[in-house]
>>> print(open('work14.txt').read())   # compact mmCIF, C-alpha atoms and all ligand atoms
# COMPACT_ATOMS: atom_id res chain seq x y z
CA MET A 1 21.37 1.30 -16.41
CA ASN A 2 18.16 0.29 -14.64
CA LYS A 3 18.40 -3.13 -13.01
CA PHE A 4 14.81 -4.07 -13.84
CA LEU A 5 13.97 -6.17 -16.90
CA ILE A 6 10.86 -5.36 -18.95
CA LEU A 7 9.16 -7.82 -21.31
CA SER A 8 6.91 -6.47 -24.06
CA ILE A 9 4.49 -8.92 -25.69
CA GLU A 10 3.28 -7.15 -28.81
CA ASP A 11 2.65 -8.44 -32.34
CA ASP A 12 2.48 -5.01 -34.04
CA LYS A 13 6.00 -4.37 -35.30
CA ALA A 14 5.66 -0.56 -35.37
CA ILE A 15 4.52 -0.44 -31.74
CA ARG A 16 7.18 -2.96 -30.71
CA ASN A 17 9.80 -0.72 -32.30
CA LEU A 18 8.39 2.37 -30.59
CA ILE A 19 8.48 0.61 -27.21
CA SER A 20 12.01 -0.72 -27.83
CA LEU A 21 13.27 2.71 -28.83
CA THR A 22 11.67 4.30 -25.79
CA PHE A 23 13.27 1.80 -23.42
CA GLU A 24 16.64 2.14 -25.14
CA ASN A 25 16.52 5.92 -24.65
CA GLN A 26 15.69 5.40 -20.97
CA GLY A 27 18.49 2.91 -20.47
CA TYR A 28 15.99 0.21 -19.49
CA ARG A 29 16.72 -3.48 -19.97
CA TYR A 30 14.03 -5.07 -22.11
CA ILE A 31 13.09 -8.09 -24.20
CA VAL A 32 10.30 -8.45 -26.73
CA ALA A 33 7.98 -11.22 -27.86
CA ALA A 34 5.67 -11.18 -30.90
CA THR A 35 3.27 -13.93 -29.82
CA GLY A 36 1.56 -15.07 -26.63
CA GLU A 37 3.43 -18.38 -26.52
CA GLU A 38 6.78 -16.68 -27.01
CA GLY A 39 5.86 -14.19 -24.28
CA LEU A 40 4.95 -16.94 -21.82
CA MET A 41 8.24 -18.69 -22.57
CA GLN A 42 10.15 -15.45 -21.93
CA VAL A 43 8.34 -14.92 -18.62
CA ALA A 44 9.39 -18.40 -17.51
CA GLN A 45 12.95 -18.24 -18.81
CA ARG A 46 13.98 -14.63 -18.20
CA ASN A 47 11.87 -13.80 -15.14
CA PRO A 48 11.14 -10.17 -16.10
CA ASP A 49 10.22 -7.56 -13.47
CA VAL A 50 7.40 -5.99 -15.51
CA VAL A 51 5.40 -7.44 -18.43
CA LEU A 52 3.54 -5.37 -21.04
CA VAL A 53 0.82 -7.33 -22.83
CA ASP A 54 -1.16 -6.50 -25.95
CA LEU A 55 -4.60 -8.16 -25.88
CA GLY A 56 -4.91 -8.81 -29.62
CA LEU A 57 -2.18 -11.35 -30.28
CA PRO A 58 -2.03 -13.68 -33.32
CA ASP A 59 -1.92 -17.00 -31.46
CA MET A 60 -3.96 -16.38 -28.31
CA ASP A 61 -5.90 -13.70 -26.48
CA GLY A 62 -3.86 -11.47 -24.19
CA ILE A 63 -6.36 -12.16 -21.39
CA ASP A 64 -5.35 -15.83 -21.53
CA VAL A 65 -1.68 -14.85 -21.50
CA ILE A 66 -2.33 -12.91 -18.27
CA LYS A 67 -4.24 -15.80 -16.72
CA ARG A 68 -1.45 -18.24 -17.55
CA ILE A 69 1.19 -15.90 -16.14
CA ARG A 70 -0.89 -15.64 -12.94
CA ASP A 71 -0.84 -19.43 -12.58
CA TRP A 72 2.70 -19.19 -11.32
CA SER A 73 3.91 -15.59 -11.22
CA ASN A 74 3.11 -12.30 -9.45
CA VAL A 75 5.07 -10.21 -11.95
CA PRO A 76 3.35 -6.82 -12.54
CA VAL A 77 1.44 -6.84 -15.83
CA ILE A 78 0.46 -3.71 -17.76
CA VAL A 79 -2.03 -4.18 -20.60
CA ILE A 80 -1.56 -2.01 -23.68
CA SER A 81 -4.58 -2.48 -25.90
CA ALA A 82 -6.79 -0.86 -28.50
CA ARG A 83 -9.80 -2.29 -26.63
CA SER A 84 -11.05 0.70 -24.71
CA GLU A 85 -14.39 -0.45 -23.27
CA ASP A 86 -14.72 -0.57 -19.48
CA ALA A 87 -15.75 -4.23 -19.80
CA ASP A 88 -12.42 -5.05 -21.48
CA LYS A 89 -10.43 -3.22 -18.82
CA ILE A 90 -12.33 -4.99 -16.05
CA LYS A 91 -11.79 -8.38 -17.74
CA ALA A 92 -8.04 -7.74 -17.99
CA LEU A 93 -7.72 -6.43 -14.43
CA ASP A 94 -9.77 -9.31 -13.05
CA ALA A 95 -7.59 -11.77 -14.99
CA GLY A 96 -4.66 -10.40 -12.98
CA ALA A 97 -3.39 -7.34 -14.85
CA ASP A 98 -2.14 -4.50 -12.67
CA ASP A 99 -2.72 -1.59 -14.99
CA TYR A 100 -4.23 -0.73 -18.33
CA LEU A 101 -3.18 1.63 -21.10
CA THR A 102 -5.36 2.27 -24.15
CA LYS A 103 -3.88 2.56 -27.65
CA PRO A 104 -2.93 5.01 -29.01
CA PHE A 105 -0.92 5.67 -25.85
CA SER A 106 1.50 8.41 -24.94
CA VAL A 107 5.07 7.27 -24.40
CA ASP A 108 5.33 9.56 -21.37
CA GLU A 109 2.31 7.94 -19.79
CA LEU A 110 3.69 4.46 -20.44
CA LEU A 111 6.96 5.45 -18.79
CA ALA A 112 5.10 6.93 -15.80
CA ARG A 113 3.14 3.69 -15.35
CA ILE A 114 6.34 1.66 -15.56
CA ARG A 115 8.08 3.89 -13.00
CA ALA A 116 5.08 3.36 -10.72
CA MET A 117 5.55 -0.42 -11.07
CA PHE A 118 9.28 -0.12 -10.36
CA ARG A 119 8.48 1.82 -7.18
CA ARG A 120 6.03 -0.87 -6.16
CA ILE A 121 8.59 -3.61 -6.71
CA SER A 122 11.21 -1.69 -4.72
CA TYR A 123 8.66 -1.12 -1.98
CA VAL A 124 7.61 -4.77 -1.86
CA ASN A 125 11.26 -5.89 -1.82
CA SER A 126 12.17 -3.51 0.99
CA GLU A 127 9.07 -4.61 2.90
CA ALA A 128 10.18 -8.23 2.53
CA ALA A 129 13.67 -7.38 3.76
CA ASN A 130 12.42 -5.20 6.58
CA PRO A 131 8.79 -5.90 7.39
CA SER A 132 7.84 -2.46 8.64
CA SER A 133 4.21 -2.10 9.57
CA VAL A 134 3.98 1.59 8.76
CA PHE A 135 2.87 2.75 5.31
CA GLU A 136 3.59 6.31 4.22
CA ASN A 137 2.34 8.15 1.14
CA GLY A 138 2.56 11.93 1.06
CA ASP A 139 0.86 13.21 4.21
CA LEU A 140 -0.91 9.89 4.76
CA LYS A 141 0.44 7.39 7.26
CA ILE A 142 -1.06 4.02 8.15
CA ASP A 143 0.19 2.03 11.12
CA TYR A 144 -1.02 -1.43 10.12
CA GLN A 145 -0.07 -2.99 13.43
CA ALA A 146 -1.90 -0.41 15.55
CA GLY A 147 -4.73 -0.09 13.00
CA CYS A 148 -4.38 3.70 13.02
CA VAL A 149 -4.38 6.24 10.20
CA TYR A 150 -2.68 9.62 10.45
CA VAL A 151 -2.63 12.65 8.19
CA ARG A 152 0.25 14.98 8.98
CA ASP A 153 0.50 13.11 12.28
CA VAL A 154 -3.09 13.89 13.25
CA GLU A 155 -5.11 10.73 13.80
CA LEU A 156 -7.96 10.18 11.36
CA HIS A 157 -10.95 8.27 12.71
CA LEU A 158 -12.31 5.75 10.22
CA THR A 159 -15.05 3.14 10.41
CA PRO A 160 -13.84 -0.48 10.08
CA ILE A 161 -15.00 -0.64 6.45
CA GLU A 162 -13.33 2.66 5.54
CA TYR A 163 -10.14 1.43 7.21
CA LYS A 164 -10.25 -1.86 5.32
CA LEU A 165 -10.74 -0.01 2.02
CA LEU A 166 -7.83 2.30 2.68
CA VAL A 167 -5.54 -0.55 3.73
CA LEU A 168 -6.48 -2.61 0.66
CA LEU A 169 -5.72 0.31 -1.65
CA SER A 170 -2.47 1.09 0.16
CA ARG A 171 -1.30 -2.53 -0.02
CA ASN A 172 -1.86 -2.32 -3.78
CA GLU A 173 -0.43 1.15 -4.31
CA GLY A 174 -0.16 2.02 -8.00
CA LYS A 175 -2.55 -0.72 -9.02
CA VAL A 176 -6.08 -0.21 -10.34
CA LEU A 177 -8.43 -2.39 -8.29
CA THR A 178 -11.78 -3.23 -9.87
CA HIS A 179 -15.08 -2.77 -8.03
CA SER A 180 -15.65 -6.51 -7.84
CA TYR A 181 -12.14 -7.18 -6.53
CA ILE A 182 -12.53 -4.55 -3.81
CA THR A 183 -15.98 -5.71 -2.68
CA GLN A 184 -14.74 -9.31 -2.57
CA GLN A 185 -11.69 -8.41 -0.51
CA VAL A 186 -13.54 -6.11 1.89
CA TRP A 187 -16.91 -7.83 2.29
CA GLY A 188 -16.22 -11.34 1.00
CA ALA A 189 -17.61 -13.21 -1.99
CA ALA A 190 -21.09 -13.66 -0.50
CA TRP A 191 -21.66 -9.95 -0.57
CA GLY A 192 -21.52 -9.85 -4.36
CA SER A 193 -20.47 -6.82 -6.31
CA ASN A 194 -22.49 -4.00 -4.79
CA VAL A 195 -20.87 -1.09 -6.56
CA ALA A 196 -23.36 1.48 -5.27
CA SER A 197 -22.48 0.78 -1.62
CA LEU A 198 -18.78 0.74 -2.40
CA ARG A 199 -19.15 4.20 -3.96
CA VAL A 200 -20.79 5.50 -0.80
CA PHE A 201 -17.99 4.17 1.42
CA MET A 202 -15.33 5.54 -0.91
CA ALA A 203 -17.06 8.94 -0.93
CA THR A 204 -17.12 9.17 2.89
CA LEU A 205 -13.53 7.99 3.08
CA ARG A 206 -12.49 10.64 0.57
CA ARG A 207 -14.44 13.36 2.41
CA LYS A 208 -12.70 12.47 5.67
CA LEU A 209 -9.31 12.70 3.97
CA GLU A 210 -10.25 15.98 2.31
CA LYS A 211 -11.15 17.52 5.65
CA MET A 212 -7.60 16.96 6.86
CA GLU A 213 -4.74 19.38 6.19
CA GLY A 214 -2.39 18.33 3.41
CA ASN A 215 -2.49 16.21 0.27
CA ALA A 216 -3.73 12.84 1.56
CA ALA A 217 -7.05 12.89 -0.36
CA SER A 218 -5.32 13.29 -3.72
CA CYS A 219 -3.83 9.79 -3.51
CA LEU A 220 -7.25 8.25 -4.21
CA GLN A 221 -7.98 7.99 -7.92
CA THR A 222 -11.38 7.05 -9.35
CA HIS A 223 -11.47 5.08 -12.58
CA VAL A 224 -15.04 5.64 -13.69
CA GLY A 225 -16.79 2.37 -14.48
CA VAL A 226 -13.72 0.34 -13.47
CA GLY A 227 -12.56 0.88 -9.89
CA TYR A 228 -10.09 2.76 -7.71
CA ARG A 229 -6.38 3.19 -7.32
CA MET A 230 -4.05 4.68 -4.72
CA ILE A 231 -1.32 6.61 -6.47
CA LYS A 232 2.08 7.43 -5.02
CA LEU A 233 2.18 11.07 -3.96
CA CA A 301 -2.08 -6.67 -31.57
>>> encode(input="work14.txt", output="structure tokens")
Amino acid sequence: MNKFLILSIEDDKAIRNLISLTFENQGYRYIVAATGEEGLMQVAQRNPDVVLVDLGLPDMDGIDVIKRIRDWSNVPVIVISARSEDADKIKALDAGADDYLTKPFSVDELLARIRAMFRRISYVNSEAANPSSVFENGDLKIDYQAGCVYVRDVELHLTPIEYKLLVLLSRNEGKVLTHSYITQQVWGAAWGSNVASLRVFMATLRRKLEKMEGNAASCLQTHVGVGYRMIKL
């Protein structure tokens, strides 16, 4: 049995049952909540490791559930919603969600996203126990302390901005980061959300990774209209 506990906040009974059945088959520990308030109570009382949130809840908007969770908790949150517009995804991610799945969703994809979160938690926990300053993902290696990036042990020369982008994505591996979040983290709030420039920097960073031997470039995922994500290779 998996040691992680998953909370699903979902008012649609059929979907709740589908999720429950899926987790049961996987041997995952899970709890469910049918309203936002109940979900928030479960987060506080049971301290789940991953929270799935539907945005259309009977008592409150899922976005507000995420914001209230973020007031006191860093638990990974995956949104599962019928709202499929980029604007909705951005709103949810900016409110503090880590990932977004559009209904109707595939059970396999949900499980893959959850496994990615589990890996992130394990990684963060092992980092906390043993603060290593070297990040590895496939052929990519970042030595945070030395400020160096290697692909298959060959050093990759990056500009300071490209390096900051890569480090930000690596520190949030598995998580979709929105354009505005990235520009704020890399350039600061004053810079505003200049998506066009961000795209240029991401393109040069990707080209540099592509020029190297190995699979490093494939860890960078573009979410059109939303942002970027580093996936685990
Ligand atoms: Ca709903």
>>> residues_near_ligand(input="work14.txt", ligand="ligand CA 301 (chain A)", cutoff="8 Å", atoms="all atoms listed in the file", output="list in words")
Glu10, Asp11, Asp12, Asp54, Leu55, Gly56, Leu57, Pro58 and Ser81 of chain A
>>> residues_around(input="work14.txt", residues="Leu158 (chain A)", least_positions_apart="3", cutoff="12 Å", atoms="all atoms listed in the file", output="list in words")
Ile142, Gly147, Cys148, Val149, Tyr150, Glu155, Ile161, Glu162, Tyr163, Lys164, Leu165, Leu166, Val167, Phe201, Met202, Thr204, Leu205, Arg206, Arg207, Lys208 and Leu209 of chain A
>>> closest_residue(input="work14.txt", among="A:His157, A:Arg83, A:Arg199, A:Arg120", to="Asn172 (chain A)", atoms="all atoms listed in the file")
A:Arg120
>>> closest_residue(input="work14.txt", among="A:Arg70, A:Lys211, A:Arg119, A:Arg46", to="Asp94 (chain A)", atoms="all atoms listed in the file")
A:Arg70
>>> closest_residue(input="work14.txt", among="A:Met41, A:Met60, A:Val176, A:Val151", to="Gly96 (chain A)", atoms="only C-alpha atoms")
A:Val176
>>> closest_residue(input="work14.txt", among="A:Asp139, A:Leu52, A:Arg16, A:Gln42", to="Glu213 (chain A)", atoms="only C-alpha atoms")
A:Asp139
>>> closest_residue(input="work14.txt", among="A:Gly188, A:Gly174, A:Pro104, A:Gly39", to="Asp61 (chain A)", atoms="all atoms listed in the file")
A:Gly39
>>> build_atoms(input="work14.txt", residues="region 27-48 of chain A", atoms="N, CA, C and O atoms", output="mmCIF file, in the frame of the given file")
data_model
loop_
_atom_site.group_PDB
_atom_site.id
_atom_site.type_symbol
_atom_site.label_atom_id
_atom_site.label_comp_id
_atom_site.auth_asym_id
_atom_site.auth_seq_id
_atom_site.Cartn_x
_atom_site.Cartn_y
_atom_site.Cartn_z
ATOM 1 N N GLY A 27 17.490 3.780 -21.071
ATOM 2 C CA GLY A 27 18.490 2.910 -20.470
ATOM 3 C C GLY A 27 17.875 1.734 -19.728
ATOM 4 O O GLY A 27 18.465 1.177 -18.807
ATOM 5 N N TYR A 28 16.655 1.352 -20.131
ATOM 6 C CA TYR A 28 15.990 0.210 -19.490
ATOM 7 C C TYR A 28 16.414 -1.086 -20.162
ATOM 8 O O TYR A 28 16.612 -1.138 -21.373
ATOM 9 N N ARG A 29 16.490 -2.153 -19.395
ATOM 10 C CA ARG A 29 16.720 -3.480 -19.970
ATOM 11 C C ARG A 29 15.379 -4.030 -20.413
ATOM 12 O O ARG A 29 14.404 -3.956 -19.661
ATOM 13 N N TYR A 30 15.311 -4.565 -21.637
ATOM 14 C CA TYR A 30 14.030 -5.070 -22.110
ATOM 15 C C TYR A 30 14.206 -6.237 -23.070
ATOM 16 O O TYR A 30 15.274 -6.422 -23.663
ATOM 17 N N ILE A 31 13.157 -7.044 -23.183
ATOM 18 C CA ILE A 31 13.090 -8.090 -24.200
ATOM 19 C C ILE A 31 11.721 -7.999 -24.836
ATOM 20 O O ILE A 31 10.792 -7.461 -24.236
ATOM 21 N N VAL A 32 11.592 -8.521 -26.062
ATOM 22 C CA VAL A 32 10.300 -8.450 -26.730
ATOM 23 C C VAL A 32 9.861 -9.833 -27.188
ATOM 24 O O VAL A 32 10.680 -10.739 -27.373
ATOM 25 N N ALA A 33 8.541 -9.986 -27.327
ATOM 26 C CA ALA A 33 7.980 -11.220 -27.860
ATOM 27 C C ALA A 33 6.831 -10.832 -28.773
ATOM 28 O O ALA A 33 6.089 -9.901 -28.481
ATOM 29 N N ALA A 34 6.689 -11.552 -29.917
ATOM 30 C CA ALA A 34 5.670 -11.180 -30.900
ATOM 31 C C ALA A 34 4.413 -12.022 -30.798
ATOM 32 O O ALA A 34 3.404 -11.724 -31.432
ATOM 33 N N THR A 35 4.459 -13.077 -29.992
ATOM 34 C CA THR A 35 3.270 -13.930 -29.820
ATOM 35 C C THR A 35 3.061 -14.228 -28.337
ATOM 36 O O THR A 35 3.977 -14.046 -27.517
ATOM 37 N N GLY A 36 1.868 -14.707 -28.017
ATOM 38 C CA GLY A 36 1.560 -15.070 -26.630
ATOM 39 C C GLY A 36 2.441 -16.188 -26.122
ATOM 40 O O GLY A 36 2.977 -16.113 -25.009
ATOM 41 N N GLU A 37 2.611 -17.224 -26.940
ATOM 42 C CA GLU A 37 3.430 -18.380 -26.520
ATOM 43 C C GLU A 37 4.866 -17.962 -26.268
ATOM 44 O O GLU A 37 5.479 -18.367 -25.271
ATOM 45 N N GLU A 38 5.400 -17.149 -27.177
ATOM 46 C CA GLU A 38 6.780 -16.680 -27.010
ATOM 47 C C GLU A 38 6.893 -15.854 -25.730
ATOM 48 O O GLU A 38 7.861 -15.983 -24.971
ATOM 49 N N GLY A 39 5.869 -15.016 -25.478
ATOM 50 C CA GLY A 39 5.860 -14.190 -24.280
ATOM 51 C C GLY A 39 5.867 -15.038 -23.020
ATOM 52 O O GLY A 39 6.647 -14.782 -22.086
ATOM 53 N N LEU A 40 5.021 -16.065 -22.998
ATOM 54 C CA LEU A 40 4.950 -16.940 -21.820
ATOM 55 C C LEU A 40 6.285 -17.636 -21.578
ATOM 56 O O LEU A 40 6.735 -17.798 -20.439
ATOM 57 N N MET A 41 6.940 -18.023 -22.689
ATOM 58 C CA MET A 41 8.240 -18.690 -22.570
ATOM 59 C C MET A 41 9.265 -17.718 -21.960
ATOM 60 O O MET A 41 10.046 -18.093 -21.087
ATOM 61 N N GLN A 42 9.211 -16.459 -22.437
ATOM 62 C CA GLN A 42 10.150 -15.450 -21.930
ATOM 63 C C GLN A 42 9.920 -15.173 -20.439
ATOM 64 O O GLN A 42 10.866 -14.958 -19.689
ATOM 65 N N VAL A 43 8.639 -15.159 -20.037
ATOM 66 C CA VAL A 43 8.340 -14.920 -18.620
ATOM 67 C C VAL A 43 8.981 -16.024 -17.779
ATOM 68 O O VAL A 43 9.607 -15.763 -16.750
ATOM 69 N N ALA A 44 8.847 -17.276 -18.257
ATOM 70 C CA ALA A 44 9.390 -18.400 -17.510
ATOM 71 C C ALA A 44 10.918 -18.418 -17.519
ATOM 72 O O ALA A 44 11.556 -18.696 -16.499
ATOM 73 N N GLN A 45 11.494 -18.104 -18.678
ATOM 74 C CA GLN A 45 12.950 -18.240 -18.810
ATOM 75 C C GLN A 45 13.725 -17.040 -18.282
ATOM 76 O O GLN A 45 14.777 -17.188 -17.677
ATOM 77 N N ARG A 46 13.213 -15.840 -18.528
ATOM 78 C CA ARG A 46 13.980 -14.630 -18.200
ATOM 79 C C ARG A 46 13.548 -13.958 -16.913
ATOM 80 O O ARG A 46 14.227 -13.082 -16.409
ATOM 81 N N ASN A 47 12.356 -14.348 -16.400
ATOM 82 C CA ASN A 47 11.870 -13.800 -15.140
ATOM 83 C C ASN A 47 11.885 -12.266 -15.118
ATOM 84 O O ASN A 47 12.528 -11.650 -14.270
ATOM 85 N N PRO A 48 11.148 -11.638 -16.048
ATOM 86 C CA PRO A 48 11.140 -10.170 -16.100
ATOM 87 C C PRO A 48 10.502 -9.555 -14.858
ATOM 88 O O PRO A 48 9.788 -10.245 -14.121
#
